[in-house]
file protein_14.txt (compact mmCIF, C-alpha atoms)
# COMPACT_ATOMS: atom_id res chain seq x y z
CA MET A 1342 0.00 0.00 0.00
CA ASN A 1343 1.45 3.38 -1.01
CA GLU A 1344 1.17 6.58 1.03
CA LEU A 1345 -1.80 7.90 -0.94
CA GLU A 1346 -3.75 4.67 -0.54
CA LYS A 1347 -2.94 4.66 3.17
CA PHE A 1348 -4.18 8.25 3.48
CA PHE A 1349 -7.52 7.47 1.81
CA LEU A 1350 -7.98 4.34 3.92
CA GLU A 1351 -7.40 6.35 7.08
CA GLU A 1352 -9.86 8.99 5.88
CA LYS A 1353 -12.55 6.38 5.33
CA GLU A 1354 -11.95 4.84 8.74
CA LEU A 1355 -12.14 8.27 10.36
CA LYS A 1356 -15.49 9.03 8.72
CA ARG A 1357 -16.82 5.69 9.93
CA LYS A 1358 -15.67 6.52 13.47
CA ILE A 1359 -17.25 9.98 13.28
CA TYR A 1360 -20.56 8.46 12.19
CA LYS A 1361 -20.41 6.05 15.14
CA HIS A 1362 -20.35 9.05 17.48
CA MET A 1363 -22.91 11.05 15.51
CA ASN A 1364 -25.32 8.12 15.58
CA THR A 1365 -25.65 8.46 19.35
CA LEU A 1366 -27.38 11.79 18.72
CA VAL A 1367 -29.83 10.91 15.93
CA GLN A 1368 -33.58 10.68 16.07
CA LYS A 1369 -34.34 7.12 15.07
CA GLY A 1370 -36.99 6.27 12.53
CA GLN A 1371 -36.12 9.10 10.15
CA ILE A 1372 -34.90 9.23 6.52
CA LEU A 1373 -31.40 8.07 5.58
CA PHE A 1374 -29.23 8.79 2.54
CA THR A 1375 -26.32 6.34 2.38
CA GLY A 1376 -23.67 5.03 0.01
CA SER A 1377 -20.37 6.30 -1.36
CA SER A 1378 -19.08 9.76 -2.35
CA LEU A 1379 -21.96 10.45 -4.73
CA MET A 1380 -24.21 10.28 -1.69
CA GLU A 1381 -21.80 11.82 0.80
CA GLN A 1382 -21.55 14.94 -1.37
CA PHE A 1383 -25.34 15.34 -1.62
CA PRO A 1384 -26.04 18.61 0.31
CA ILE A 1385 -29.37 17.22 1.38
CA ASN A 1386 -30.24 19.54 4.25
CA GLU A 1387 -29.59 22.76 2.33
CA ILE A 1388 -31.54 21.52 -0.69
CA ALA A 1389 -34.43 20.09 1.34
CA LEU A 1390 -34.86 23.38 3.20
CA ASN A 1391 -34.73 25.28 -0.10
CA HIS A 1392 -37.59 23.07 -1.35
CA GLY A 1393 -39.62 23.58 1.80
CA VAL A 1394 -39.17 19.97 2.92
CA ASP A 1395 -38.72 19.83 6.68
CA ALA A 1396 -38.22 16.06 7.01
CA VAL A 1397 -35.29 14.88 9.12
CA ILE A 1398 -32.75 13.44 6.68
CA TYR A 1399 -29.37 12.02 7.69
CA ASN A 1400 -26.48 11.50 5.26
CA ARG A 1401 -24.10 8.60 5.92
CA GLY A 1402 -22.20 8.37 2.64
CA ILE A 1403 -18.47 7.60 2.70
CA GLY A 1404 -16.37 8.63 -0.28
CA GLY A 1405 -14.46 5.84 -1.99
CA TYR A 1406 -16.57 3.05 -0.55
CA THR A 1407 -17.33 -0.13 -2.43
CA ILE A 1408 -20.23 -2.44 -1.59
CA PRO A 1409 -18.02 -4.81 0.48
CA GLU A 1410 -16.75 -1.83 2.48
CA MET A 1411 -20.32 -0.71 3.11
CA ILE A 1412 -21.17 -4.20 4.32
CA GLU A 1413 -18.33 -3.88 6.85
CA ALA A 1414 -19.63 -0.46 7.95
CA VAL A 1415 -23.35 -1.26 7.74
CA GLU A 1416 -23.84 -0.57 11.46
CA GLU A 1417 -22.55 2.98 11.18
CA GLN A 1418 -23.97 3.71 7.74
CA VAL A 1419 -27.42 2.19 8.18
CA LEU A 1420 -28.43 0.04 11.12
CA GLU A 1421 -27.64 2.29 14.07
CA LEU A 1422 -29.98 4.97 12.77
CA VAL A 1423 -32.95 2.55 12.55
CA PRO A 1424 -34.31 4.55 9.59
CA SER A 1425 -37.86 4.25 8.35
CA LYS A 1426 -36.81 5.13 4.81
CA ILE A 1427 -33.43 4.44 3.15
CA PHE A 1428 -32.08 5.87 -0.11
CA ILE A 1429 -29.02 3.92 -1.32
CA ASN A 1430 -26.44 4.91 -3.92
CA ILE A 1431 -23.57 2.43 -3.73
CA GLY A 1432 -21.65 0.51 -6.37
CA THR A 1433 -20.12 3.07 -8.71
CA ASN A 1434 -16.67 2.45 -7.26
CA ASP A 1435 -17.16 -1.29 -7.72
CA ILE A 1436 -17.83 -0.95 -11.44
CA SER A 1437 -14.66 1.14 -11.79
CA ILE A 1438 -12.54 -1.83 -10.66
CA PRO A 1439 -10.96 -3.38 -13.79
CA ASP A 1440 -11.59 -7.02 -12.86
CA GLU A 1441 -15.05 -6.51 -11.31
CA THR A 1442 -17.54 -9.02 -12.71
CA GLU A 1443 -21.30 -8.75 -12.95
CA GLU A 1444 -21.57 -11.86 -10.77
CA LYS A 1445 -19.45 -10.36 -7.99
CA PHE A 1446 -21.27 -7.04 -8.19
CA GLU A 1447 -24.65 -8.74 -7.90
CA GLY A 1448 -23.49 -11.04 -5.11
CA ASP A 1449 -22.06 -8.20 -3.05
CA TYR A 1450 -25.16 -6.04 -3.48
CA ARG A 1451 -27.40 -8.96 -2.54
CA ARG A 1452 -25.39 -9.55 0.65
CA LEU A 1453 -25.88 -5.91 1.65
CA LEU A 1454 -29.61 -6.02 0.97
CA ASN A 1455 -29.97 -9.27 2.90
CA ILE A 1456 -28.52 -7.56 5.97
CA ILE A 1457 -30.85 -4.58 5.65
CA LYS A 1458 -33.90 -6.79 5.06
CA ARG A 1459 -33.05 -8.95 8.06
CA GLU A 1460 -32.23 -6.15 10.50
CA LEU A 1461 -34.71 -3.51 9.28
CA PRO A 1462 -37.64 -5.48 7.86
CA ASP A 1463 -40.07 -2.54 8.07
CA ALA A 1464 -37.85 0.04 6.38
CA ALA A 1465 -38.82 1.34 2.94
CA VAL A 1466 -35.74 1.06 0.73
CA TYR A 1467 -35.11 3.02 -2.47
CA MET A 1468 -32.23 1.84 -4.65
CA MET A 1469 -31.13 4.75 -6.80
CA ALA A 1470 -30.12 4.41 -10.43
CA TYR A 1471 -26.50 5.32 -11.01
CA TYR A 1472 -25.77 8.86 -12.10
CA PRO A 1473 -24.47 9.58 -15.62
CA VAL A 1474 -20.84 10.62 -16.10
CA SER A 1475 -19.10 13.25 -18.21
CA PRO A 1476 -16.16 12.11 -20.35
CA GLU A 1477 -15.92 15.70 -21.64
CA VAL A 1478 -14.94 16.93 -18.17
CA ALA A 1479 -12.95 13.85 -17.13
CA LYS A 1480 -10.57 14.07 -20.09
CA ASP A 1481 -9.46 17.53 -18.94
CA MET A 1482 -8.63 16.37 -15.41
CA PRO A 1483 -4.93 15.81 -14.50
CA GLY A 1484 -3.67 12.25 -14.89
CA ASP A 1485 -5.70 9.44 -16.38
CA GLY A 1486 -7.58 8.26 -13.28
CA TYR A 1487 -10.81 10.11 -13.89
CA ILE A 1488 -11.16 9.32 -17.57
CA THR A 1489 -10.29 5.67 -16.92
CA SER A 1490 -13.01 5.44 -14.25
CA VAL A 1491 -15.49 7.24 -16.48
CA ASN A 1492 -14.82 4.84 -19.34
CA TYR A 1493 -15.40 1.81 -17.10
CA ARG A 1494 -18.65 3.36 -15.90
CA LEU A 1495 -19.82 4.12 -19.42
CA GLU A 1496 -19.27 0.45 -20.28
CA ARG A 1497 -20.96 -0.92 -17.18
CA LEU A 1498 -23.63 1.52 -16.00
CA ASP A 1499 -26.49 -0.05 -17.97
CA LYS A 1500 -25.71 -3.54 -16.67
CA ALA A 1501 -25.26 -2.25 -13.11
CA ASN A 1502 -28.62 -0.50 -13.27
CA ALA A 1503 -30.24 -3.68 -14.62
CA VAL A 1504 -28.80 -5.67 -11.70
CA ALA A 1505 -29.97 -3.09 -9.18
CA ARG A 1506 -33.45 -3.00 -10.71
CA GLU A 1507 -33.70 -6.80 -10.57
CA LEU A 1508 -32.51 -6.91 -6.96
CA ALA A 1509 -35.00 -4.23 -5.98
CA GLY A 1510 -37.79 -6.40 -7.32
CA GLU A 1511 -36.41 -9.47 -5.58
CA PHE A 1512 -36.35 -7.72 -2.18
CA ASN A 1513 -39.60 -5.83 -2.70
CA TYR A 1514 -37.72 -2.53 -2.67
CA LYS A 1515 -38.06 0.37 -5.14
CA PHE A 1516 -35.59 1.09 -7.92
CA ILE A 1517 -35.79 4.80 -8.71
CA ASP A 1518 -34.25 6.67 -11.61
CA VAL A 1519 -34.12 10.33 -10.58
CA ASN A 1520 -31.65 11.46 -13.25
CA ASP A 1521 -34.06 13.31 -15.53
CA GLY A 1522 -32.48 16.63 -16.51
CA LEU A 1523 -28.86 15.65 -15.81
CA CYS A 1524 -27.89 14.53 -19.31
CA ASN A 1525 -26.95 16.28 -22.52
CA SER A 1526 -27.99 15.14 -26.00
CA GLU A 1527 -25.29 12.43 -25.96
CA GLY A 1528 -26.63 10.88 -22.76
CA HIS A 1529 -23.67 12.11 -20.70
CA LEU A 1530 -23.77 14.18 -17.53
CA ARG A 1531 -23.99 17.82 -18.58
CA PRO A 1532 -20.44 19.25 -18.28
CA GLU A 1533 -21.54 22.29 -16.29
CA LEU A 1534 -22.99 19.98 -13.62
CA SER A 1535 -19.81 17.93 -13.15
CA LYS A 1536 -16.75 18.65 -11.00
CA ASP A 1537 -14.46 16.03 -12.50
CA GLY A 1538 -16.49 13.83 -14.81
CA ILE A 1539 -17.86 11.72 -11.94
CA HIS A 1540 -18.81 13.94 -9.00
CA MET A 1541 -21.45 16.64 -9.26
CA TRP A 1542 -21.99 20.24 -8.23
CA PRO A 1543 -24.87 21.12 -5.86
CA GLU A 1544 -26.93 22.35 -8.84
CA ALA A 1545 -27.03 18.77 -10.13
CA TYR A 1546 -28.20 17.48 -6.77
CA ASP A 1547 -30.95 20.09 -6.77
CA ILE A 1548 -32.23 18.52 -10.00
CA VAL A 1549 -31.98 15.05 -8.47
CA PHE A 1550 -33.82 16.15 -5.33
CA ASN A 1551 -36.64 17.68 -7.34
CA ASN A 1552 -37.03 14.32 -9.11
CA MET A 1553 -36.97 12.30 -5.88
CA LYS A 1554 -39.02 14.61 -3.67
CA LYS A 1555 -42.17 12.54 -4.21
CA TYR A 1556 -40.41 9.47 -2.77
CA ILE A 1557 -39.18 11.39 0.26
CA LEU A 1558 -42.68 12.68 0.97
CA GLU A 1559 -44.68 9.52 0.26

call {"tool": "encode", "arguments": {"input": "protein_14.txt", "output": "structure tokens"}}
result
Amino acid sequence: MNELEKFFLEEKELKRKIYKHMNTLVQKGQILFTGSSLMEQFPINEIALNHGVDAVIYNRGIGGYTIPEMIEAVEEQVLELVPSKIFINIGTNDISIPDETEEKFEGDYRRLLNIIKRELPDAAVYMMAYYPVSPEVAKDMPGDGYITSVNYRLERLDKANAVARELAGEFNYKFIDVNDGLCNSEGHLRPELSKDGIHMWPEAYDIVFNNMKKYILE
């Protein structure tokens, strides 16, 4: 493990530890947003207030997380909050791994959902479709990491969404695609909405929230 990898690992462990402490202060039975960086960076409280939604919504995303990492941290990211409603966006880092297979992706996601179903049988779970990406922005980022990840995602997003949709049906959860308005004519994330080809500016999340508001309020 190099120094950069060690740094990111320590950052992820610190966030998990912080959530452990924060979870002692939550109101249980509320709404939870959870997953990886694409959920962690969702400025949910600012946007919800701007839309006049006063629901209590907690965010427990951890940047860089894969599905197996979320399984390891499921107590801190999900179970300790005892949420009544869970919105999940996890898996985009998994499909950026070169040797990730559809079988492993599906198996890992199923293991996570089994835990949630077993421990929180009454929770309403919404599995979010994966966000589009912007190769136009990624190619201008330094190094080749972003464009490489974007290319993997472009190859695999449709299959990953199909797996998530099928699993949602299997577990009697909802698969929701709240991406309307994010894409340009080529089906890519609009460049002005993207920080680096993968992650999004708050204006993009405002579009997403407007699309998902009905699920939050139902």

call {"tool": "atom_distance", "arguments": {"input": "protein_14.txt", "atom1": "atom CA of A:Tyr1556", "atom2": "atom CA of A:Glu1417"}}
result
23.6 Å

call {"tool": "atom_distance", "arguments": {"input": "protein_14.txt", "atom1": "atom CA of A:Lys1445", "atom2": "atom CA of A:Glu1460"}}
result
22.9 Å

call {"tool": "closest_residue", "arguments": {"input": "protein_14.txt", "among": "A:Glu1387, A:Gly1404, A:Lys1536, A:Ala1464", "to": "A:Val1419", "atoms": "only C-alpha atoms"}}
result
A:Ala1464

call {"tool": "residues_around", "arguments": {"input": "protein_14.txt", "residues": "stretch 1495-1504 of chain A", "least_positions_apart": "5", "cutoff": "7 Å", "atoms": "only C-alpha atoms", "output": "PyMOL selection string"}}
result
chain A and resi 1436+1447+1470-1471

call {"tool": "write_last_selection", "arguments": {"input": "protein_14.txt", "atoms": "C-alpha atoms", "output": "PDB file, in the frame of the given file"}}
result
ATOM      1  CA  ILE A1436     -17.830  -0.950 -11.440  1.00  0.00           C
ATOM      2  CA  GLU A1447     -24.650  -8.740  -7.900  1.00  0.00           C
ATOM      3  CA  ALA A1470     -30.120   4.410 -10.430  1.00  0.00           C
ATOM      4  CA  TYR A1471     -26.500   5.320 -11.010  1.00  0.00           C
TER       5      TYR A1471
END

call {"tool": "atom_distance", "arguments": {"input": "protein_14.txt", "atom1": "atom CA of A:Ile1403", "atom2": "atom CA of A:Met1342"}}
result
20.2 Å

call {"tool": "closest_residue", "arguments": {"input": "protein_14.txt", "among": "A:Asn1455, A:Asn1551, A:Ser1526, A:Asn1430", "to": "A:Glu1511", "atoms": "all atoms listed in the file"}}
result
A:Asn1455

call {"tool": "residues_around", "arguments": {"input": "protein_14.txt", "residues": "A:Asn1400", "least_positions_apart": "3", "cutoff": "7 Å", "atoms": "all atoms listed in the file", "output": "PDB file with C-alpha atoms, in the coordinates of the input"}}
result
ATOM      1  CA  LEU A1373     -31.400   8.070   5.580  1.00  0.00           C
ATOM      2  CA  PHE A1374     -29.230   8.790   2.540  1.00  0.00           C
ATOM      3  CA  THR A1375     -26.320   6.340   2.380  1.00  0.00           C
ATOM      4  CA  GLU A1381     -21.800  11.820   0.800  1.00  0.00           C
TER       5      GLU A1381
END

call {"tool": "closest_residue", "arguments": {"input": "protein_14.txt", "among": "A:Phe1446, A:Phe1349, A:Tyr1467, A:Tyr1360", "to": "A:Tyr1514", "atoms": "all atoms listed in the file"}}
result
A:Tyr1467

call {"tool": "closest_residue", "arguments": {"input": "protein_14.txt", "among": "A:Pro1384, A:Gly1486, A:Pro1424, A:Gly1448", "to": "A:Pro1409", "atoms": "all atoms listed in the file"}}
result
A:Gly1448

call {"tool": "residues_around", "arguments": {"input": "protein_14.txt", "residues": "A:Ala1414", "least_positions_apart": "2", "cutoff": "12 Å", "atoms": "all atoms listed in the file", "output": "compact mmCIF listing (two decimals) with C-alpha atoms, keeping the file's coordinate frame"}}
result
# COMPACT_ATOMS: atom_id res chain seq x y z
CA LYS A 1353 -12.55 6.38 5.33
CA GLU A 1354 -11.95 4.84 8.74
CA LEU A 1355 -12.14 8.27 10.36
CA LYS A 1356 -15.49 9.03 8.72
CA ARG A 1357 -16.82 5.69 9.93
CA LYS A 1358 -15.67 6.52 13.47
CA ILE A 1359 -17.25 9.98 13.28
CA TYR A 1360 -20.56 8.46 12.19
CA LYS A 1361 -20.41 6.05 15.14
CA THR A 1375 -26.32 6.34 2.38
CA GLY A 1376 -23.67 5.03 0.01
CA SER A 1377 -20.37 6.30 -1.36
CA ARG A 1401 -24.10 8.60 5.92
CA GLY A 1402 -22.20 8.37 2.64
CA ILE A 1403 -18.47 7.60 2.70
CA TYR A 1406 -16.57 3.05 -0.55
CA THR A 1407 -17.33 -0.13 -2.43
CA ILE A 1408 -20.23 -2.44 -1.59
CA PRO A 1409 -18.02 -4.81 0.48
CA GLU A 1410 -16.75 -1.83 2.48
CA MET A 1411 -20.32 -0.71 3.11
CA ILE A 1412 -21.17 -4.20 4.32
CA GLU A 1416 -23.84 -0.57 11.46
CA GLU A 1417 -22.55 2.98 11.18
CA GLN A 1418 -23.97 3.71 7.74
CA VAL A 1419 -27.42 2.19 8.18
CA LEU A 1420 -28.43 0.04 11.12
CA GLU A 1421 -27.64 2.29 14.07
CA LEU A 1453 -25.88 -5.91 1.65
CA ILE A 1456 -28.52 -7.56 5.97

call {"tool": "residues_around", "arguments": {"input": "protein_14.txt", "residues": "A:Val1478", "least_positions_apart": "4", "cutoff": "8 Å", "atoms": "only C-alpha atoms", "output": "number ranges by chain"}}
result
A: 1482, 1532, 1535-1538

call {"tool": "closest_residue", "arguments": {"input": "protein_14.txt", "among": "A:Asp1547, A:Asp1518, A:Asp1481, A:Glu1507", "to": "A:Asn1386", "atoms": "only C-alpha atoms"}}
result
A:Asp1547

call {"tool": "closest_residue", "arguments": {"input": "protein_14.txt", "among": "A:Leu1530, A:Val1474, A:Leu1558, A:Val1397", "to": "A:Lys1369", "atoms": "only C-alpha atoms"}}
result
A:Val1397

call {"tool": "residues_around", "arguments": {"input": "protein_14.txt", "residues": "stretch 1489-1494 of chain A", "least_positions_apart": "5", "cutoff": "8 Å", "atoms": "only C-alpha atoms", "output": "VMD selection string"}}
result
chain A and resid 1433 1436 to 1439 1474 to 1476 1479 1538 to 1539

call {"tool": "write_last_selection", "arguments": {"input": "protein_14.txt", "atoms": "C-alpha atoms", "output": "PDB file, in the frame of the given file"}}
result
ATOM      1  CA  THR A1433     -20.120   3.070  -8.710  1.00  0.00           C
ATOM      2  CA  ILE A1436     -17.830  -0.950 -11.440  1.00  0.00           C
ATOM      3  CA  SER A1437     -14.660   1.140 -11.790  1.00  0.00           C
ATOM      4  CA  ILE A1438     -12.540  -1.830 -10.660  1.00  0.00           C
ATOM      5  CA  PRO A1439     -10.960  -3.380 -13.790  1.00  0.00           C
ATOM      6  CA  VAL A1474     -20.840  10.620 -16.100  1.00  0.00           C
ATOM      7  CA  SER A1475     -19.100  13.250 -18.210  1.00  0.00           C
ATOM      8  CA  PRO A1476     -16.160  12.110 -20.350  1.00  0.00           C
ATOM      9  CA  ALA A1479     -12.950  13.850 -17.130  1.00  0.00           C
ATOM     10  CA  GLY A1538     -16.490  13.830 -14.810  1.00  0.00           C
ATOM     11  CA  ILE A1539     -17.860  11.720 -11.940  1.00  0.00           C
TER      12      ILE A1539
END

call {"tool": "build_atoms", "arguments": {"input": "protein_14.txt", "residues": "stretch 1444-1459 of chain A", "atoms": "N, CA and C atoms", "output": "PDB file, in the coordinates of the input"}}
result
ATOM      1  N   GLU A1444     -21.201 -10.883 -11.796  1.00  0.00           N
ATOM      2  CA  GLU A1444     -21.570 -11.860 -10.770  1.00  0.00           C
ATOM      3  C   GLU A1444     -21.148 -11.381  -9.386  1.00  0.00           C
ATOM      4  N   LYS A1445     -19.923 -10.845  -9.287  1.00  0.00           N
ATOM      5  CA  LYS A1445     -19.450 -10.360  -7.990  1.00  0.00           C
ATOM      6  C   LYS A1445     -20.245  -9.137  -7.559  1.00  0.00           C
ATOM      7  N   PHE A1446     -20.490  -8.231  -8.488  1.00  0.00           N
ATOM      8  CA  PHE A1446     -21.270  -7.040  -8.190  1.00  0.00           C
ATOM      9  C   PHE A1446     -22.649  -7.413  -7.647  1.00  0.00           C
ATOM     10  N   GLU A1447     -23.312  -8.312  -8.332  1.00  0.00           N
ATOM     11  CA  GLU A1447     -24.650  -8.740  -7.900  1.00  0.00           C
ATOM     12  C   GLU A1447     -24.601  -9.444  -6.555  1.00  0.00           C
ATOM     13  N   GLY A1448     -23.602 -10.312  -6.366  1.00  0.00           N
ATOM     14  CA  GLY A1448     -23.490 -11.040  -5.110  1.00  0.00           C
ATOM     15  C   GLY A1448     -23.231 -10.125  -3.934  1.00  0.00           C
ATOM     16  N   ASP A1449     -22.357  -9.139  -4.126  1.00  0.00           N
ATOM     17  CA  ASP A1449     -22.060  -8.200  -3.050  1.00  0.00           C
ATOM     18  C   ASP A1449     -23.289  -7.359  -2.707  1.00  0.00           C
ATOM     19  N   TYR A1450     -23.971  -6.873  -3.729  1.00  0.00           N
ATOM     20  CA  TYR A1450     -25.160  -6.040  -3.480  1.00  0.00           C
ATOM     21  C   TYR A1450     -26.245  -6.865  -2.778  1.00  0.00           C
ATOM     22  N   ARG A1451     -26.399  -8.108  -3.176  1.00  0.00           N
ATOM     23  CA  ARG A1451     -27.400  -8.960  -2.540  1.00  0.00           C
ATOM     24  C   ARG A1451     -27.073  -9.196  -1.065  1.00  0.00           C
ATOM     25  N   ARG A1452     -25.796  -9.371  -0.755  1.00  0.00           N
ATOM     26  CA  ARG A1452     -25.390  -9.550   0.650  1.00  0.00           C
ATOM     27  C   ARG A1452     -25.758  -8.325   1.478  1.00  0.00           C
ATOM     28  N   LEU A1453     -25.526  -7.133   0.940  1.00  0.00           N
ATOM     29  CA  LEU A1453     -25.880  -5.910   1.650  1.00  0.00           C
ATOM     30  C   LEU A1453     -27.386  -5.830   1.879  1.00  0.00           C
ATOM     31  N   LEU A1454     -28.153  -6.104   0.849  1.00  0.00           N
ATOM     32  CA  LEU A1454     -29.610  -6.020   0.970  1.00  0.00           C
ATOM     33  C   LEU A1454     -30.158  -7.071   1.914  1.00  0.00           C
ATOM     34  N   ASN A1455     -29.545  -8.234   1.947  1.00  0.00           N
ATOM     35  CA  ASN A1455     -29.970  -9.270   2.900  1.00  0.00           C
ATOM     36  C   ASN A1455     -29.833  -8.782   4.342  1.00  0.00           C
ATOM     37  N   ILE A1456     -28.732  -8.086   4.622  1.00  0.00           N
ATOM     38  CA  ILE A1456     -28.520  -7.560   5.970  1.00  0.00           C
ATOM     39  C   ILE A1456     -29.597  -6.531   6.313  1.00  0.00           C
ATOM     40  N   ILE A1457     -29.850  -5.619   5.399  1.00  0.00           N
ATOM     41  CA  ILE A1457     -30.850  -4.580   5.650  1.00  0.00           C
ATOM     42  C   ILE A1457     -32.231  -5.190   5.823  1.00  0.00           C
ATOM     43  N   LYS A1458     -32.574  -6.143   4.972  1.00  0.00           N
ATOM     44  CA  LYS A1458     -33.900  -6.790   5.060  1.00  0.00           C
ATOM     45  C   LYS A1458     -34.056  -7.530   6.386  1.00  0.00           C
ATOM     46  N   ARG A1459     -32.994  -8.190   6.808  1.00  0.00           N
ATOM     47  CA  ARG A1459     -33.050  -8.950   8.060  1.00  0.00           C
ATOM     48  C   ARG A1459     -33.131  -8.044   9.289  1.00  0.00           C
TER      49      ARG A1459
END
